[in-house]
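What follows is a short report on a single structure.
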Amino acid sequence: MKEFRFLLITIFISLTTIGQNSKDTTDGRFHDTLLNYFVGKWIVSGTVHGQEFKNIDLQVEWVLNHQFLQIHEKSRDIVPWLQTFYESLLFIGYDHTNNRYVAHLMNVMGGDNQLAYLFFGKRTNNKINLVSQFEDSSTGSFDSESFIWQPEFKSWHWIAKMVNKGKEEQPYLDLKILPNN
């Protein structure tokens with residue numbers, strides 16, 4: 001009997017350790033201790049497609065009955081290759097059945113390639129990695145985006161890479177996200 005109880009305790013501890021550090025409470029809402037650090041206003045700077053950007057604002061909040069974390073990104077400068085300001089909404093939620101993050105992206109590029117804007121992801125420590133579920137039809141590559149919480153700086157690091165034939169390419173997006181106090 002002691003061995004059986006030990007086995008049950010071991011399984012329970014393993015399952016709670018393996019799972020994401022998000023808790024499913026009886027209120028039916030999505031709670032995530034790591035994403036809570038993202039709530040607020042942020043200033044973003046870094047490199048996108050080899051070009052430096054300094055004037056990007058993020059506003060992050062829980063929305064839709066605390067089911068999604070909404071990240072509203074808006075540039076203050078015109079993006080040369082888009083010939084307009086960049087703006088996007090990223091909604092990050094959690095699929096409790098499959099133990100994974102789910103994210104939906106909408107941006108100024110429109111819905112022509114709407115399937116490319118669905119991501120699933122996992123968390124490892126202070127990093128959430130989101131992977132596009134659909135390949136680029138012209139290249140066969142897909143997008144992999146990581147949000148890394150850096151508690152010592154109270155900031156985030158956002159890195160995005162294309163994955164082509166199983167190999168990660170160099171980051172096309174490397175951004176520092178700092179609090180906008």
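We label chains A, B, ... in the order they appear in the structure tokens, count residues from 1 in each chain, and number ligands from 1 in the order shown.
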With only C-alpha atoms as the counted atoms, please give the residues lying no more than 10 Å from stretch 144-149 of chain A, apart from itself and same-chain residues fewer than 5 positions off, as a CSV table (one decimal) with N, CA and C atoms, in the first residue's frame.
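Listed below is the output, part_36.csv:
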chain,number,residue,atom,x,y,z
A,34,LEU,N,3.4,33.9,-15.5
A,34,LEU,CA,4.5,34.6,-16.4
A,34,LEU,C,3.8,35.7,-17.2
A,35,LEU,N,2.7,35.5,-17.8
A,35,LEU,CA,2.1,36.5,-18.6
A,35,LEU,C,1.6,37.7,-17.8
A,37,TYR,N,3.3,39.3,-15.8
A,37,TYR,CA,4.4,40.3,-15.9
A,37,TYR,C,4.3,41.1,-17.1
A,38,PHE,N,3.6,40.7,-18.2
A,38,PHE,CA,3.5,41.4,-19.4
A,38,PHE,C,2.5,42.5,-19.4
A,119,PHE,N,-1.0,30.4,-34.0
A,119,PHE,CA,0.2,29.8,-33.4
A,119,PHE,C,-0.2,28.9,-32.2
A,120,PHE,N,0.6,27.9,-32.0
A,120,PHE,CA,0.5,27.1,-30.7
A,120,PHE,C,1.9,27.2,-30.1
A,121,GLY,N,1.9,27.0,-28.7
A,121,GLY,CA,3.2,27.2,-28.1
A,121,GLY,C,3.3,26.5,-26.7
A,122,LYS,N,4.5,26.4,-26.2
A,122,LYS,CA,4.8,25.8,-24.9
A,122,LYS,C,5.7,26.8,-24.2
A,123,ARG,N,5.7,26.6,-22.9
A,123,ARG,CA,6.5,27.4,-22.0
A,123,ARG,C,7.6,26.6,-21.4
A,124,THR,N,8.8,27.2,-21.3
A,124,THR,CA,9.9,26.6,-20.6
A,124,THR,C,10.4,27.7,-19.7
A,125,ASN,N,10.3,27.5,-18.4
A,125,ASN,CA,10.8,28.5,-17.5
A,125,ASN,C,10.2,29.9,-17.8
A,126,ASN,N,11.0,30.9,-18.1
A,126,ASN,CA,10.6,32.2,-18.4
A,126,ASN,C,10.4,32.5,-19.9
A,127,LYS,N,10.3,31.5,-20.7
A,127,LYS,CA,10.2,31.6,-22.2
A,127,LYS,C,8.9,30.9,-22.7
A,128,ILE,N,8.2,31.7,-23.5
A,128,ILE,CA,7.0,31.1,-24.2
A,128,ILE,C,7.4,31.1,-25.7
A,129,ASN,N,7.4,30.0,-26.3
A,129,ASN,CA,7.7,29.9,-27.7
A,129,ASN,C,6.4,29.5,-28.5
A,130,LEU,N,6.1,30.4,-29.5
A,130,LEU,CA,4.9,30.2,-30.3
A,130,LEU,C,5.3,29.8,-31.7
A,131,VAL,N,4.7,28.8,-32.3
A,131,VAL,CA,5.1,28.3,-33.6
A,131,VAL,C,3.9,28.4,-34.5
A,132,SER,N,4.0,29.0,-35.7
A,132,SER,CA,3.0,29.1,-36.7
A,132,SER,C,2.6,27.7,-37.1
A,133,GLN,N,1.3,27.5,-37.3
A,133,GLN,CA,0.8,26.2,-37.6
A,133,GLN,C,0.7,26.0,-39.1
A,154,LYS,N,13.4,43.4,-15.4
A,154,LYS,CA,11.9,43.6,-15.5
A,154,LYS,C,11.6,44.0,-16.9
A,155,SER,N,12.1,43.2,-17.9
A,155,SER,CA,11.9,43.5,-19.3
A,155,SER,C,11.6,42.1,-20.0
A,156,TRP,N,11.3,42.3,-21.3
A,156,TRP,CA,11.1,41.1,-22.2
A,156,TRP,C,12.0,41.2,-23.3
A,157,HIS,N,12.3,40.0,-23.9
A,157,HIS,CA,13.1,39.9,-25.1
A,157,HIS,C,12.2,39.1,-26.1
A,158,TRP,N,12.0,39.7,-27.3
A,158,TRP,CA,11.1,39.1,-28.3
A,158,TRP,C,11.9,38.8,-29.5
A,159,ILE,N,12.0,37.5,-29.8
A,159,ILE,CA,12.8,37.0,-31.0
A,159,ILE,C,11.9,36.2,-31.9
A,160,ALA,N,12.0,36.5,-33.2
A,160,ALA,CA,11.3,35.7,-34.2
A,160,ALA,C,12.2,35.2,-35.3
A,161,LYS,N,12.0,34.0,-35.6
A,161,LYS,CA,12.9,33.3,-36.7
A,161,LYS,C,12.0,32.5,-37.6
A,162,MET,N,12.4,32.4,-38.8
A,162,MET,CA,11.7,31.5,-39.7
A,162,MET,C,12.5,30.1,-39.6
A,163,VAL,N,11.7,29.0,-39.7
A,163,VAL,CA,12.2,27.7,-39.6
A,163,VAL,C,12.0,27.1,-41.0
A,168,GLU,N,16.5,26.5,-38.0
A,168,GLU,CA,16.1,27.9,-37.6
A,168,GLU,C,17.1,28.8,-38.4
A,169,GLU,N,16.5,29.8,-39.0
A,169,GLU,CA,17.3,30.8,-39.7
A,169,GLU,C,17.7,31.9,-38.6
A,171,PRO,N,17.5,35.4,-36.7
A,171,PRO,CA,16.3,36.1,-36.3
A,171,PRO,C,16.0,37.2,-37.3
A,173,LEU,N,13.5,39.3,-36.3
A,173,LEU,CA,13.0,40.2,-35.4
A,173,LEU,C,13.7,40.0,-34.0
A,174,ASP,N,14.3,41.0,-33.5
A,174,ASP,CA,15.1,40.9,-32.2
A,174,ASP,C,14.8,42.2,-31.5
A,175,LEU,N,13.8,42.1,-30.5
A,175,LEU,CA,13.3,43.3,-29.9
A,175,LEU,C,13.5,43.3,-28.4
A,176,LYS,N,13.8,44.4,-27.8
A,176,LYS,CA,13.8,44.6,-26.3
A,176,LYS,C,12.5,45.3,-26.0
A,177,ILE,N,11.9,44.8,-24.9
A,177,ILE,CA,10.6,45.4,-24.5
A,177,ILE,C,10.8,45.9,-23.1
If you count only C-alpha atoms, which residues fall within 8 Å of A:Gln59, apart from same-chain ones fewer than 5 positions away, as a PDB file with N, CA and C atoms, in the first residue's frame?
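Saved to out.pdb:
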ATOM      1  N   VAL A  39       1.548  42.461 -18.452  1.00  0.00           N
ATOM      2  CA  VAL A  39       0.464  43.443 -18.399  1.00  0.00           C
ATOM      3  C   VAL A  39       1.046  44.833 -18.137  1.00  0.00           C
ATOM      4  N   GLY A  40       0.655  45.795 -18.962  1.00  0.00           N
ATOM      5  CA  GLY A  40       1.109  47.170 -18.787  1.00  0.00           C
ATOM      6  C   GLY A  40       1.447  47.823 -20.104  1.00  0.00           C
ATOM      7  N   LYS A  41       2.168  48.938 -20.007  1.00  0.00           N
ATOM      8  CA  LYS A  41       2.596  49.682 -21.193  1.00  0.00           C
ATOM      9  C   LYS A  41       4.101  49.537 -21.340  1.00  0.00           C
ATOM     10  N   TRP A  42       4.535  49.340 -22.593  1.00  0.00           N
ATOM     11  CA  TRP A  42       5.929  49.046 -22.885  1.00  0.00           C
ATOM     12  C   TRP A  42       6.428  49.867 -24.070  1.00  0.00           C
ATOM     13  N   ILE A  71      -1.999  41.780 -26.774  1.00  0.00           N
ATOM     14  CA  ILE A  71      -0.811  42.607 -26.972  1.00  0.00           C
ATOM     15  C   ILE A  71      -1.089  43.496 -28.177  1.00  0.00           C
ATOM     16  N   HIS A  72      -1.242  44.788 -27.922  1.00  0.00           N
ATOM     17  CA  HIS A  72      -1.502  45.760 -28.984  1.00  0.00           C
ATOM     18  C   HIS A  72      -0.197  46.469 -29.298  1.00  0.00           C
ATOM     19  N   GLU A  73       0.316  46.238 -30.482  1.00  0.00           N
ATOM     20  CA  GLU A  73       1.589  46.810 -30.925  1.00  0.00           C
ATOM     21  C   GLU A  73       1.307  47.895 -31.952  1.00  0.00           C
TER      22      GLU A  73
END
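Relative to atom CA of A:Leu90, atom CA of A:Gln70 is found at 5.7 Å.
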In Å to one decimal, how far is atom CA of A:Val48 from atom CA of A:Leu178?
16.6 Å
Straight-line distance linking atom CA of A:Leu118 with atom CA of A:Ala103, stated in Å to one decimal
5.9 Å
